[in-house]
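One structure below.
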Amino acid sequence: MSMAMLNKMHMNGYDVLRVNNGPWRVCTQGDRLASFASREEALAYAAALPGYRSRAGGRKSG
């Protein structure tokens, strides 16, 4: 049985990851934004995006 290989980094609030020598992906917790052939391209894309913060807890009233 083989184990999955995961490479994961964070850039500008986004996850930059690669699973089993597949494409590098730039994701939020719920969405995949883009896929790239190289880590450098994925990191450059994540760096060019506006900063991301998850909205855990919903809207504040007031």
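Residue numbers start at 1 in each chain; chains themselves are named A, B, ... in the order of the structure tokens; ligands are numbered from 1 in the order shown.
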Residues at most 8 Å from Met11 (chain A), counting only C-alpha atoms, excluding those fewer than 2 positions away in the same chain, as a compact mmCIF listing (two decimals) with N, CA and C atoms, in the first residue's frame?
```
# COMPACT_ATOMS: atom_id res chain seq x y z
N MET A 9 2.14 24.59 1.66
CA MET A 9 2.68 25.86 2.13
C MET A 9 1.55 26.86 2.25
N GLY A 13 -2.26 34.00 3.06
CA GLY A 13 -3.53 33.49 3.56
C GLY A 13 -4.11 32.34 2.74
N TYR A 14 -3.45 31.95 1.68
CA TYR A 14 -3.91 30.86 0.80
C TYR A 14 -3.07 29.62 1.02
N ASP A 15 -3.65 28.45 0.78
CA ASP A 15 -2.90 27.20 0.80
C ASP A 15 -2.34 26.95 -0.59
N VAL A 16 -1.06 26.61 -0.64
CA VAL A 16 -0.40 26.22 -1.89
C VAL A 16 0.04 24.78 -1.66
N LEU A 43 3.16 29.99 -6.19
CA LEU A 43 3.48 30.97 -5.16
C LEU A 43 3.35 32.40 -5.68
N ALA A 46 -0.39 33.20 -5.77
CA ALA A 46 -0.91 33.43 -4.42
C ALA A 46 -0.43 34.78 -3.89
N ALA A 47 0.80 35.16 -4.19
CA ALA A 47 1.33 36.44 -3.73
C ALA A 47 0.63 37.61 -4.41
```
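Residue-level DSSP output for chain A, from the backbone, shows alpha helix (DSSP H) at Arg39, Glu40, Glu41, Ala42, Leu43, Ala44, Tyr45, Ala46, Ala47 and Ala48 of chain A.
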Excluding Asn21 (chain A) and any residue of its chain fewer than 4 positions from it, enumerate the residues within 10 Å of it, using only C-alpha atoms, and give them as a PDB file with N, CA and C atoms, in the first residue's frame.
```
ATOM      1  N   ALA A   4      -0.028   8.644   0.404  1.00  0.00           N
ATOM      2  CA  ALA A   4      -0.105   9.893  -0.358  1.00  0.00           C
ATOM      3  C   ALA A   4       0.983  10.842   0.124  1.00  0.00           C
ATOM      4  N   MET A   5       1.616  11.527  -0.815  1.00  0.00           N
ATOM      5  CA  MET A   5       2.648  12.502  -0.492  1.00  0.00           C
ATOM      6  C   MET A   5       2.037  13.886  -0.610  1.00  0.00           C
ATOM      7  N   LEU A   6       2.142  14.687   0.434  1.00  0.00           N
ATOM      8  CA  LEU A   6       1.546  16.015   0.458  1.00  0.00           C
ATOM      9  C   LEU A   6       2.618  17.061   0.716  1.00  0.00           C
ATOM     10  N   ASN A   7       2.707  18.055  -0.162  1.00  0.00           N
ATOM     11  CA  ASN A   7       3.535  19.236   0.050  1.00  0.00           C
ATOM     12  C   ASN A   7       2.580  20.405   0.224  1.00  0.00           C
ATOM     13  N   ALA A  37       1.899  24.132 -13.032  1.00  0.00           N
ATOM     14  CA  ALA A  37       2.886  23.077 -13.215  1.00  0.00           C
ATOM     15  C   ALA A  37       4.059  23.222 -12.251  1.00  0.00           C
TER      16      ALA A  37
END
```
Residues of chain A in strand (DSSP E or B) according to DSSP, as a list in words?
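Selection result, strand (DSSP E or B) within chain A: Leu6, Asn7, Lys8, Met9, His10, Met11, Tyr14, Asp15, Val16, Leu17, Arg18, Val19, Trp24, Arg25, Val26, Cys27, Arg32, Leu33, Ala34, Ser35 and Phe36 of chain A.
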Take the residues from that selection and write them out as a JSON list (two decimals), in the first residue's frame, keeping N, CA and C atoms.
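File produced: part_25.json:
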```
[["chain", "number", "residue", "atom", "x", "y", "z"],
["A", 6, "LEU", "N", 2.14, 14.69, 0.43],
["A", 6, "LEU", "CA", 1.55, 16.01, 0.46],
["A", 6, "LEU", "C", 2.62, 17.06, 0.72],
["A", 7, "ASN", "N", 2.71, 18.06, -0.16],
["A", 7, "ASN", "CA", 3.53, 19.24, 0.05],
["A", 7, "ASN", "C", 2.58, 20.40, 0.22],
["A", 8, "LYS", "N", 2.70, 21.13, 1.34],
["A", 8, "LYS", "CA", 1.76, 22.21, 1.62],
["A", 8, "LYS", "C", 2.49, 23.42, 2.18],
["A", 9, "MET", "N", 2.14, 24.59, 1.66],
["A", 9, "MET", "CA", 2.68, 25.86, 2.13],
["A", 9, "MET", "C", 1.55, 26.86, 2.25],
["A", 10, "HIS", "N", 1.82, 27.97, 2.89],
["A", 10, "HIS", "CA", 0.85, 29.05, 3.01],
["A", 10, "HIS", "C", 1.48, 30.32, 2.45],
["A", 11, "MET", "N", 0.70, 31.07, 1.67],
["A", 11, "MET", "CA", 1.17, 32.33, 1.12],
["A", 11, "MET", "C", 0.01, 33.29, 1.09],
["A", 14, "TYR", "N", -3.45, 31.95, 1.68],
["A", 14, "TYR", "CA", -3.91, 30.86, 0.80],
["A", 14, "TYR", "C", -3.07, 29.62, 1.02],
["A", 15, "ASP", "N", -3.65, 28.45, 0.78],
["A", 15, "ASP", "CA", -2.90, 27.20, 0.80],
["A", 15, "ASP", "C", -2.34, 26.95, -0.59],
["A", 16, "VAL", "N", -1.06, 26.61, -0.64],
["A", 16, "VAL", "CA", -0.40, 26.22, -1.89],
["A", 16, "VAL", "C", 0.04, 24.78, -1.66],
["A", 17, "LEU", "N", -0.55, 23.84, -2.41],
["A", 17, "LEU", "CA", -0.29, 22.44, -2.12],
["A", 17, "LEU", "C", -0.14, 21.60, -3.36],
["A", 18, "ARG", "N", 0.49, 20.44, -3.14],
["A", 18, "ARG", "CA", 0.70, 19.46, -4.20],
["A", 18, "ARG", "C", 0.53, 18.08, -3.60],
["A", 19, "VAL", "N", -0.23, 17.23, -4.27],
["A", 19, "VAL", "CA", -0.48, 15.88, -3.80],
["A", 19, "VAL", "C", 0.02, 14.88, -4.85],
["A", 24, "TRP", "N", 0.54, 21.86, -8.78],
["A", 24, "TRP", "CA", 0.48, 22.73, -7.60],
["A", 24, "TRP", "C", -0.85, 23.46, -7.64],
["A", 25, "ARG", "N", -1.55, 23.52, -6.51],
["A", 25, "ARG", "CA", -2.87, 24.16, -6.45],
["A", 25, "ARG", "C", -2.87, 25.27, -5.43],
["A", 26, "VAL", "N", -3.58, 26.34, -5.77],
["A", 26, "VAL", "CA", -3.78, 27.46, -4.84],
["A", 26, "VAL", "C", -5.23, 27.39, -4.41],
["A", 27, "CYS", "N", -5.46, 27.28, -3.09],
["A", 27, "CYS", "CA", -6.80, 27.03, -2.56],
["A", 27, "CYS", "C", -7.09, 27.90, -1.34],
["A", 32, "ARG", "N", -10.87, 25.70, -4.82],
["A", 32, "ARG", "CA", -9.61, 25.62, -5.53],
["A", 32, "ARG", "C", -9.61, 26.77, -6.53],
["A", 33, "LEU", "N", -8.63, 27.65, -6.44],
["A", 33, "LEU", "CA", -8.61, 28.83, -7.29],
["A", 33, "LEU", "C", -7.88, 28.60, -8.60],
["A", 34, "ALA", "N", -6.75, 27.86, -8.57],
["A", 34, "ALA", "CA", -5.98, 27.66, -9.79],
["A", 34, "ALA", "C", -5.01, 26.50, -9.61],
["A", 35, "SER", "N", -4.52, 25.95, -10.73],
["A", 35, "SER", "CA", -3.52, 24.89, -10.73],
["A", 35, "SER", "C", -2.36, 25.30, -11.61],
["A", 36, "PHE", "N", -1.14, 24.89, -11.21],
["A", 36, "PHE", "CA", 0.06, 25.28, -11.94],
["A", 36, "PHE", "C", 1.03, 24.11, -12.01]]
```
